[in-house]
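Undergrad: As input, take target16.tsv (TSV, N, CA and C atoms):
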chain	number	residue	atom	x	y	z
A	1	LEU	N	105.21	79.25	124.26
A	1	LEU	CA	104.62	80.56	124.28
A	1	LEU	C	103.67	80.68	125.47
A	2	LEU	N	103.66	81.85	126.07
A	2	LEU	CA	102.78	82.11	127.20
A	2	LEU	C	101.72	83.14	126.82
A	3	ARG	N	100.55	82.99	127.39
A	3	ARG	CA	99.47	83.94	127.14
A	3	ARG	C	98.71	84.18	128.43
A	4	SER	N	98.53	85.47	128.75
A	4	SER	CA	97.77	85.82	129.95
A	4	SER	C	96.36	86.22	129.53
A	5	PRO	N	95.44	86.25	130.47
A	5	PRO	CA	94.13	86.82	130.18
A	5	PRO	C	94.29	88.30	129.87
A	6	GLU	N	93.31	88.92	129.23
A	6	GLU	CA	93.38	90.33	128.88
A	6	GLU	C	93.59	91.17	130.14
A	7	THR	N	94.47	92.16	130.03
A	7	THR	CA	94.79	93.02	131.15
A	7	THR	C	95.06	94.44	130.66
A	8	LYS	N	94.98	95.40	131.55
A	8	LYS	CA	95.31	96.78	131.20
A	8	LYS	C	96.71	97.15	131.65
A	9	SER	N	97.38	96.24	132.31
A	9	SER	CA	98.72	96.49	132.82
A	9	SER	C	99.76	96.28	131.73
A	10	PHE	N	100.80	97.10	131.78
A	10	PHE	CA	101.93	96.93	130.86
A	10	PHE	C	103.12	96.28	131.56
A	11	ASN	N	102.96	95.92	132.82
A	11	ASN	CA	104.03	95.32	133.60
A	11	ASN	C	103.68	93.85	133.84
A	12	LEU	N	104.51	92.93	133.33
A	12	LEU	CA	104.25	91.50	133.47
A	12	LEU	C	104.17	91.07	134.94
A	13	LEU	N	104.89	91.75	135.81
A	13	LEU	CA	104.89	91.36	137.22
A	13	LEU	C	103.57	91.70	137.90
A	14	GLU	N	102.79	92.59	137.30
A	14	GLU	CA	101.50	92.97	137.88
A	14	GLU	C	100.36	92.07	137.42
A	15	VAL	N	100.60	91.21	136.46
A	15	VAL	CA	99.55	90.31	135.96
A	15	VAL	C	99.56	89.08	136.86
A	16	ASP	N	98.54	88.97	137.70
A	16	ASP	CA	98.53	87.92	138.73
A	16	ASP	C	97.42	86.90	138.51
A	17	SER	N	97.30	86.43	137.31
A	17	SER	CA	96.25	85.45	137.04
A	17	SER	C	96.85	84.23	136.35
A	18	THR	N	96.02	83.35	135.94
A	18	THR	CA	96.47	82.12	135.31
A	18	THR	C	96.93	82.37	133.88
A	19	TRP	N	98.11	81.85	133.57
A	19	TRP	CA	98.67	81.98	132.23
A	19	TRP	C	98.48	80.66	131.49
A	20	SER	N	98.28	80.75	130.18
A	20	SER	CA	98.21	79.54	129.35
A	20	SER	C	99.59	79.27	128.77
A	21	ILE	N	99.95	78.01	128.69
A	21	ILE	CA	101.24	77.64	128.11
A	21	ILE	C	101.00	76.74	126.91
A	22	TRP	N	101.58	77.13	125.76
A	22	TRP	CA	101.49	76.29	124.56
A	22	TRP	C	102.69	75.37	124.58
A	23	THR	N	102.45	74.09	124.50
A	23	THR	CA	103.53	73.11	124.63
A	23	THR	C	104.11	72.66	123.30
A	24	GLY	N	103.62	73.20	122.20
A	24	GLY	CA	104.17	72.83	120.91
A	24	GLY	C	103.44	71.68	120.24
A	25	ILE	N	102.35	71.24	120.83
A	25	ILE	CA	101.60	70.14	120.24
A	25	ILE	C	100.60	70.71	119.24
A	26	ILE	N	100.64	70.17	118.03
A	26	ILE	CA	99.72	70.60	116.99
A	26	ILE	C	98.67	69.53	116.81
A	27	ASN	N	97.43	69.92	116.72
A	27	ASN	CA	96.35	68.96	116.51
A	27	ASN	C	96.57	68.21	115.21
A	28	THR	N	96.43	66.90	115.25
A	28	THR	CA	96.52	66.14	114.02
A	28	THR	C	95.24	66.38	113.23
A	29	GLY	N	95.35	66.31	111.95
A	29	GLY	CA	94.20	66.58	111.11
A	29	GLY	C	94.12	68.03	110.68
A	30	SER	N	94.94	68.90	111.29
A	30	SER	CA	94.97	70.30	110.86
A	30	SER	C	95.65	70.37	109.51
A	31	THR	N	95.21	71.29	108.69
A	31	THR	CA	95.82	71.42	107.37
A	31	THR	C	96.38	72.81	107.19
A	32	PHE	N	97.36	72.90	106.34
A	32	PHE	CA	97.98	74.17	106.00
A	32	PHE	C	98.07	74.21	104.48
A	33	GLN	N	97.71	75.36	103.91
A	33	GLN	CA	97.76	75.49	102.47
A	33	GLN	C	98.43	76.80	102.12
A	34	ALA	N	99.38	76.75	101.21
A	34	ALA	CA	100.06	77.95	100.74
A	34	ALA	C	99.82	78.08	99.24
A	35	THR	N	99.64	79.31	98.79
A	35	THR	CA	99.44	79.55	97.37
A	35	THR	C	100.40	80.63	96.91
A	36	CYS	N	100.59	80.71	95.61
A	36	CYS	CA	101.45	81.74	95.05
A	36	CYS	C	100.81	83.11	95.25
A	37	ASN	N	101.63	84.13	95.25
A	37	ASN	CA	101.16	85.50	95.45
A	37	ASN	C	100.69	86.06	94.11
A	38	ARG	N	99.66	85.45	93.53
A	38	ARG	CA	99.13	85.84	92.24
A	38	ARG	C	97.67	86.23	92.39
A	39	CYS	N	97.18	87.00	91.45
A	39	CYS	CA	95.77	87.36	91.49
A	39	CYS	C	94.99	86.52	90.49
A	40	ASP	N	93.70	86.35	90.79
A	40	ASP	CA	92.79	85.65	89.90
A	40	ASP	C	91.62	86.54	89.48
A	41	SER	N	91.39	87.63	90.22
A	41	SER	CA	90.25	88.50	89.93
A	41	SER	C	90.50	89.90	90.50
A	42	LYS	N	89.56	90.81	90.24
A	42	LYS	CA	89.68	92.17	90.79
A	42	LYS	C	89.71	92.15	92.31
A	43	ALA	N	89.05	91.17	92.91
A	43	ALA	CA	89.03	91.08	94.38
A	43	ALA	C	90.44	90.91	94.93
A	44	ASP	N	91.28	90.15	94.23
A	44	ASP	CA	92.67	89.95	94.67
A	44	ASP	C	93.48	91.23	94.53
A	45	CYS	N	93.00	92.16	93.72
A	45	CYS	CA	93.65	93.47	93.55
A	45	CYS	C	92.93	94.53	94.39
A	46	ASN	N	92.17	94.09	95.39
A	46	ASN	CA	91.44	94.97	96.30
A	46	ASN	C	90.48	95.90	95.58
A	47	TYR	N	90.01	95.50	94.41
A	47	TYR	CA	89.11	96.30	93.58
A	47	TYR	C	89.70	97.66	93.23
A	48	HIS	N	91.03	97.76	93.28
A	48	HIS	CA	91.73	99.00	92.93
A	48	HIS	C	92.54	98.82	91.66
A	49	GLY	N	92.30	97.73	90.94
A	49	GLY	CA	93.04	97.46	89.72
A	49	GLY	C	92.48	96.24	89.03
A	50	THR	N	93.14	95.84	87.95
A	50	THR	CA	92.72	94.65	87.22
A	50	THR	C	93.80	93.59	87.31
A	51	CYS	N	93.37	92.35	87.17
A	51	CYS	CA	94.27	91.20	87.22
A	51	CYS	C	94.61	90.79	85.79
A	52	THR	N	95.90	90.73	85.48
A	52	THR	CA	96.32	90.35	84.13
A	52	THR	C	96.31	88.84	83.98
A	53	ASP	N	96.46	88.37	82.75
A	53	ASP	CA	96.46	86.93	82.47
A	53	ASP	C	97.60	86.20	83.16
A	54	ASP	N	98.70	86.91	83.44
A	54	ASP	CA	99.83	86.26	84.11
A	54	ASP	C	99.78	86.41	85.64
A	55	GLY	N	98.62	86.82	86.19
A	55	GLY	CA	98.42	86.85	87.63
A	55	GLY	C	98.99	88.04	88.36
A	56	LYS	N	99.18	89.16	87.68
A	56	LYS	CA	99.71	90.37	88.32
A	56	LYS	C	98.66	91.46	88.31
A	57	CYS	N	98.59	92.21	89.39
A	57	CYS	CA	97.65	93.33	89.47
A	57	CYS	C	98.23	94.56	88.79
A	58	VAL	N	97.41	95.25	88.03
A	58	VAL	CA	97.77	96.54	87.45
A	58	VAL	C	96.79	97.55	88.06
A	59	CYS	N	97.32	98.44	88.89
A	59	CYS	CA	96.48	99.39	89.63
A	59	CYS	C	95.89	100.44	88.68
A	60	TYR	N	94.66	100.90	89.02
A	60	TYR	CA	94.01	101.93	88.23
A	60	TYR	C	94.83	103.21	88.26
A	61	VAL	N	94.78	103.95	87.15
A	61	VAL	CA	95.57	105.17	86.98
A	61	VAL	C	94.63	106.38	86.98
A	62	SER	N	95.09	107.48	87.56
A	62	SER	CA	94.32	108.72	87.58
A	62	SER	C	94.25	109.30	86.17
A	63	GLU	N	93.06	109.71	85.77
A	63	GLU	CA	92.90	110.35	84.46
A	63	GLU	C	93.44	111.78	84.47
A	64	VAL	N	93.63	112.34	85.66
A	64	VAL	CA	94.09	113.72	85.79
A	64	VAL	C	95.60	113.83	85.62
A	65	ASP	N	96.38	113.01	86.37
A	65	ASP	CA	97.83	113.17	86.35
A	65	ASP	C	98.59	111.95	85.82
A	66	GLY	N	97.90	110.86	85.51
A	66	GLY	CA	98.56	109.69	84.94
A	66	GLY	C	99.26	108.80	85.94
A	67	TYR	N	99.22	109.15	87.22
A	67	TYR	CA	99.84	108.32	88.25
A	67	TYR	C	98.82	107.30	88.77
A	68	PRO	N	99.29	106.13	89.20
A	68	PRO	CA	98.37	105.14	89.78
A	68	PRO	C	97.70	105.69	91.04
A	69	LEU	N	96.45	105.28	91.25
A	69	LEU	CA	95.72	105.70	92.43
A	69	LEU	C	96.09	104.87	93.64
A	70	TYR	N	96.63	103.66	93.41
A	70	TYR	CA	97.07	102.77	94.48
A	70	TYR	C	98.38	102.13	94.07
A	71	THR	N	99.13	101.64	95.04
A	71	THR	CA	100.39	100.96	94.76
A	71	THR	C	100.44	99.65	95.55
A	72	GLY	N	101.46	98.88	95.32
A	72	GLY	CA	101.63	97.61	96.01
A	72	GLY	C	101.33	96.44	95.09
A	73	THR	N	101.79	95.27	95.47
A	73	THR	CA	101.61	94.07	94.67
A	73	THR	C	100.15	93.81	94.36
A	74	HIS	N	99.27	94.10	95.32
A	74	HIS	CA	97.84	93.87	95.15
A	74	HIS	C	97.06	95.18	95.25
A	75	CYS	N	97.69	96.29	94.85
A	75	CYS	CA	97.06	97.63	94.87
A	75	CYS	C	96.47	97.92	96.25
A	76	GLU	N	97.19	97.55	97.29
A	76	GLU	CA	96.68	97.65	98.65
A	76	GLU	C	96.99	98.97	99.35
A	77	PHE	N	97.88	99.79	98.79
A	77	PHE	CA	98.26	101.04	99.45
A	77	PHE	C	97.76	102.24	98.65
A	78	SER	N	97.16	103.22	99.33
A	78	SER	CA	96.80	104.47	98.67
A	78	SER	C	98.08	105.16	98.23
A	79	ARG	N	98.01	105.81	97.10
A	79	ARG	CA	99.23	106.47	96.62
A	79	ARG	C	99.59	107.63	97.54
A	80	PRO	N	100.86	107.95	97.63
A	80	PRO	CA	101.25	109.11	98.43
A	80	PRO	C	100.93	110.40	97.66
A	81	CYS	N	101.01	111.51	98.36
A	81	CYS	CA	100.79	112.80	97.71
A	81	CYS	C	101.81	112.96	96.58
A	82	ILE	N	101.37	113.50	95.46
A	82	ILE	CA	102.24	113.69	94.30
A	82	ILE	C	103.12	114.93	94.49
A	83	ARG	N	102.58	115.96	95.14
A	83	ARG	CA	103.33	117.20	95.37
A	83	ARG	C	103.09	117.68	96.79
A	84	LEU	N	104.15	118.13	97.43
A	84	LEU	CA	104.07	118.73	98.76
A	84	LEU	C	104.44	120.20	98.65
A	85	THR	N	103.78	121.02	99.44
A	85	THR	CA	104.10	122.44	99.50
A	85	THR	C	104.56	122.75	100.91
A	86	GLY	N	105.77	123.29	101.03
A	86	GLY	CA	106.34	123.58	102.34
A	86	GLY	C	105.85	124.89	102.90
A	87	SER	N	106.09	125.10	104.20
A	87	SER	CA	105.65	126.33	104.87
A	87	SER	C	106.37	127.56	104.33
A	88	GLU	N	107.54	127.39	103.74
A	88	GLU	CA	108.30	128.52	103.18
A	88	GLU	C	108.04	128.68	101.68
A	89	GLY	N	107.02	127.97	101.16
A	89	GLY	CA	106.68	128.10	99.75
A	89	GLY	C	107.40	127.15	98.83
A	90	GLY	N	108.16	126.24	99.38
A	90	GLY	CA	108.88	125.28	98.54
A	90	GLY	C	107.95	124.22	97.97
A	91	LEU	N	108.31	123.71	96.80
A	91	LEU	CA	107.55	122.65	96.16
A	91	LEU	C	108.41	121.38	96.10
A	92	TRP	N	107.80	120.26	96.45
A	92	TRP	CA	108.48	118.98	96.45
A	92	TRP	C	107.62	118.00	95.66
A	93	ASP	N	108.21	117.38	94.64
A	93	ASP	CA	107.48	116.40	93.83
A	93	ASP	C	107.98	115.00	94.13
A	94	ILE	N	107.05	114.05	94.04
A	94	ILE	CA	107.39	112.65	94.25
A	94	ILE	C	108.32	112.20	93.12
A	95	ILE	N	109.20	111.26	93.41
A	95	ILE	CA	110.11	110.75	92.39
A	95	ILE	C	109.55	109.42	91.87
A	96	PRO	N	108.99	109.44	90.66
A	96	PRO	CA	108.42	108.20	90.12
A	96	PRO	C	109.51	107.28	89.57
A	97	MET	N	109.18	106.02	89.49
A	97	MET	CA	110.10	105.03	88.95
A	97	MET	C	109.27	104.04	88.13
A	98	GLU	N	109.59	103.92	86.87
A	98	GLU	CA	108.88	102.98	86.00
A	98	GLU	C	109.36	101.56	86.28
A	99	ILE	N	108.44	100.64	86.37
A	99	ILE	CA	108.76	99.22	86.56
A	99	ILE	C	108.19	98.48	85.36
A	100	LYS	N	109.00	97.66	84.72
A	100	LYS	CA	108.58	96.99	83.49
A	100	LYS	C	107.32	96.15	83.67
A	101	ASP	N	107.26	95.31	84.70
A	101	ASP	CA	106.15	94.38	84.85
A	101	ASP	C	104.93	94.98	85.53
A	102	ASN	N	105.12	95.92	86.47
A	102	ASN	CA	103.98	96.41	87.25
A	102	ASN	C	103.59	97.84	86.90
A	103	GLY	N	104.29	98.47	85.94
A	103	GLY	CA	103.88	99.77	85.47
A	103	GLY	C	104.47	100.96	86.19
A	104	PHE	N	104.34	101.04	87.52
A	104	PHE	CA	104.76	102.25	88.22
A	104	PHE	C	104.97	101.98	89.70
A	105	THR	N	105.92	102.63	90.26
A	105	THR	CA	106.07	102.70	91.71
A	105	THR	C	106.83	103.99	91.99
A	106	THR	N	107.19	104.23	93.23
A	106	THR	CA	107.97	105.42	93.57
A	106	THR	C	109.22	104.99	94.30
A	107	TRP	N	110.22	105.87	94.29
A	107	TRP	CA	111.39	105.61	95.11
A	107	TRP	C	110.95	105.66	96.56
A	108	LYS	N	111.47	104.78	97.38
A	108	LYS	CA	111.09	104.74	98.78
A	108	LYS	C	112.31	104.63	99.67
A	109	ALA	N	112.20	105.20	100.85
A	109	ALA	CA	113.20	105.06	101.90
A	109	ALA	C	112.44	104.81	103.19
A	110	TYR	N	112.78	103.75	103.89
A	110	TYR	CA	112.09	103.37	105.11
A	110	TYR	C	110.58	103.23	104.88
A	111	GLY	N	110.19	102.72	103.70
A	111	GLY	CA	108.79	102.48	103.41
A	111	GLY	C	107.99	103.72	103.05
A	112	ARG	N	108.64	104.85	102.89
A	112	ARG	CA	107.95	106.10	102.58
A	112	ARG	C	108.43	106.63	101.22
A	113	ALA	N	107.56	107.37	100.55
A	113	ALA	CA	107.91	107.95	99.26
A	113	ALA	C	109.04	108.96	99.42
A	114	VAL	N	109.87	109.08	98.39
A	114	VAL	CA	110.97	110.05	98.37
A	114	VAL	C	110.57	111.20	97.46
A	115	TYR	N	110.86	112.42	97.89
A	115	TYR	CA	110.49	113.61	97.15
A	115	TYR	C	111.74	114.39	96.75
A	116	LEU	N	111.62	115.15	95.67
A	116	LEU	CA	112.70	115.99	95.17
A	116	LEU	C	112.24	117.44	95.24
A	117	GLN	N	113.09	118.31	95.83
A	117	GLN	CA	112.70	119.72	95.91
A	117	GLN	C	112.77	120.32	94.52
A	118	ILE	N	111.66	120.92	94.10
A	118	ILE	CA	111.56	121.50	92.77
A	118	ILE	C	111.92	122.98	92.79
A	119	SER	N	111.38	123.72	93.77
A	119	SER	CA	111.67	125.15	93.80
A	119	SER	C	111.34	125.74	95.16
A	120	GLY	N	111.94	126.92	95.40
A	120	GLY	CA	111.62	127.75	96.56
A	120	GLY	C	111.87	127.10	97.90
A	121	GLY	N	111.43	127.80	98.92
A	121	GLY	CA	111.51	127.27	100.27
A	121	GLY	C	112.90	127.26	100.85
A	122	ASP	N	113.00	126.67	102.01
A	122	ASP	CA	114.24	126.59	102.76
A	122	ASP	C	114.80	125.19	102.61
A	123	ILE	N	116.01	125.06	102.10
A	123	ILE	CA	116.62	123.73	101.98
A	123	ILE	C	117.03	123.30	103.38
A	124	THR	N	116.51	122.17	103.81
A	124	THR	CA	116.74	121.72	105.19
A	124	THR	C	117.96	120.82	105.32
A	125	THR	N	118.54	120.39	104.22
A	125	THR	CA	119.72	119.53	104.27
A	125	THR	C	120.94	120.33	103.85
A	126	PRO	N	121.99	120.34	104.67
A	126	PRO	CA	123.20	121.04	104.24
A	126	PRO	C	123.71	120.48	102.91
A	127	GLU	N	124.27	121.34	102.05
A	127	GLU	CA	124.70	120.92	100.73
A	127	GLU	C	125.68	119.74	100.79
A	128	GLU	N	126.56	119.71	101.80
A	128	GLU	CA	127.54	118.63	101.87
A	128	GLU	C	126.89	117.28	102.20
A	129	ASP	N	125.64	117.28	102.72
A	129	ASP	CA	124.93	116.04	103.02
A	129	ASP	C	123.94	115.65	101.94
A	130	GLY	N	123.69	116.53	100.99
A	130	GLY	CA	122.68	116.28	99.96
A	130	GLY	C	123.08	115.18	98.99
A	131	VAL	N	122.10	114.51	98.46
A	131	VAL	CA	122.33	113.48	97.45
A	131	VAL	C	122.18	114.11	96.09
A	132	ILE	N	123.13	113.84	95.22
A	132	ILE	CA	123.10	114.42	93.87
A	132	ILE	C	122.86	113.31	92.87
Take the structure in the file and write it out as structure tokens.
TA:
Amino acid sequence: LLRSPETKSFNLLEVDSTWSIWTGIINTGSTFQATCNRCDSKADCNYHGTCTDDGKCVCYVSEVDGYPLYTGTHCEFSRPCIRLTGSEGGLWDIIPMEIKDNGFTTWKAYGRAVYLQISGGDITTPEEDGVI
């Protein structure tokens, strides 16, 4: 691996200083420790949920709509919007999915929540391309 000093250039040919080269030698005496992806306390759940006896985070739920306020294995992600309102007056609701062990999540595509058009507005997907 090569490393240059900090630069503002995005062109490697313009970086004209000394580069460091890592030769693959690891210091002896270094230690590495891996642990299971389990929680032991609220801190492991980012203080956005509780840790169960079996080491899983259960994210806090909104008292208003019953949906979790955070998602993710360790309640690390803010929940997405539950309802979207389009410029043409359309309403889009998030598609929830119950999970036996973790309580709740949403359908996702490319890491983003999936929504279902509930009413009104302009349908932006041709009917022949729509998912039923």
Undergrad: Calculate how many Å separate atom CA of A:Asn46 from atom CA of A:Leu69, rounding to one decimal.
TA: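 Interatomic distance, atom CA of A:Asn46 to atom CA of A:Leu69: 12.2 Å.
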Undergrad: Between atom N of A:Cys75 and atom C of A:His48, what is the distance, to one decimal in Å?
TA: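 Between these atoms lies a distance of 6.6 Å.
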Undergrad: Which residue is closest to A:Leu91? Choose from A:Tyr115, A:Tyr47, A:Tyr110, A:Trp19 and count all atoms listed in the file.
TA: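 Distance minimum relative to A:Leu91 lands on A:Tyr115.
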Undergrad: Hey, what's within 8 Å of A:Pro5 if we count all atoms listed in the file and toss same-chain stuff fewer than 6 positions away? As a ChimeraX atom specification, please?
TA: /A:15,17-20
Undergrad: If we count only N, CA and C atoms, what is near A:Arg83 at a cut-off of 8 Å, once residues fewer than 4 positions away on the same chain are taken out, given as a ChimeraX atom specification?
TA: /A:91-94
Undergrad: Do you have the atom C of A:Cys59-atom C of A:Ala43 distance handy?
TA: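 These atoms are spaced 12.6 Å apart.
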Undergrad: Considering only N, CA and C atoms, can you say which of A:Cys45, A:Ile21, A:Ile118, A:Leu1 comes closest to A:Glu76?
TA: A:Cys45
Undergrad: Would you list the residues near (109.5, 114.7, 94.7), meaning any protein, DNA or RNA residue with an atom at most 12 Å from that point in file coordinates, counting only C-alpha atoms, as a list of chain:residue names?
TA: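 Result, sorted by chain then residue number: A:Pro80, A:Cys81, A:Ile82, A:Arg83, A:Leu84, A:Thr85, A:Gly90, A:Leu91, A:Trp92, A:Asp93, A:Ile94, A:Ile95, A:Pro96, A:Met97, A:Thr106, A:Trp107, A:Lys108, A:Arg112, A:Ala113, A:Val114, A:Tyr115, A:Leu116, A:Gln117, A:Ile118, A:Ser119.
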Undergrad: According to DSSP computed on the backbone, where in stretch 8-94 of chain A is there helix (DSSP H, G or I)? Give the residues as a list in words.
TA: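 Taking stretch 8-94 of chain A and keeping helix (DSSP H, G or I) only, one gets Leu12, Leu13, Glu14, Lys42, Ala43, Asp44 and Cys45 of chain A.
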Undergrad: Could those selected residues go to a file with N, CA and C atoms, as an mmCIF file, in the frame of the given file?
TA:
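And here's result.cif as it stands now:
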data_model
loop_
_atom_site.group_PDB
_atom_site.id
_atom_site.type_symbol
_atom_site.label_atom_id
_atom_site.label_comp_id
_atom_site.auth_asym_id
_atom_site.auth_seq_id
_atom_site.Cartn_x
_atom_site.Cartn_y
_atom_site.Cartn_z
ATOM 1 N N LEU A 12 104.510 92.930 133.330
ATOM 2 C CA LEU A 12 104.250 91.500 133.470
ATOM 3 C C LEU A 12 104.170 91.070 134.940
ATOM 4 N N LEU A 13 104.890 91.750 135.810
ATOM 5 C CA LEU A 13 104.890 91.360 137.220
ATOM 6 C C LEU A 13 103.570 91.700 137.900
ATOM 7 N N GLU A 14 102.790 92.590 137.300
ATOM 8 C CA GLU A 14 101.500 92.970 137.880
ATOM 9 C C GLU A 14 100.360 92.070 137.420
ATOM 10 N N LYS A 42 89.560 90.810 90.240
ATOM 11 C CA LYS A 42 89.680 92.170 90.790
ATOM 12 C C LYS A 42 89.710 92.150 92.310
ATOM 13 N N ALA A 43 89.050 91.170 92.910
ATOM 14 C CA ALA A 43 89.030 91.080 94.380
ATOM 15 C C ALA A 43 90.440 90.910 94.930
ATOM 16 N N ASP A 44 91.280 90.150 94.230
ATOM 17 C CA ASP A 44 92.670 89.950 94.670
ATOM 18 C C ASP A 44 93.480 91.230 94.530
ATOM 19 N N CYS A 45 93.000 92.160 93.720
ATOM 20 C CA CYS A 45 93.650 93.470 93.550
ATOM 21 C C CYS A 45 92.930 94.530 94.390
#
Undergrad: Quick one: everything within 8 Å of A:Asn37, counting all atoms listed in the file, minus sequence neighbours fewer than 3 positions away in the same chain. Send it as a PyMOL selection string.
TA: chain A and resi 34+40+55-56+73
Undergrad: Just checking: using only N, CA and C atoms, which residue out of A:Gly120, A:Arg3, A:Thr23, A:Cys57 ends up closest to A:His74?
TA: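 Using only N, CA and C atoms, A:His74 sits closest to A:Cys57.
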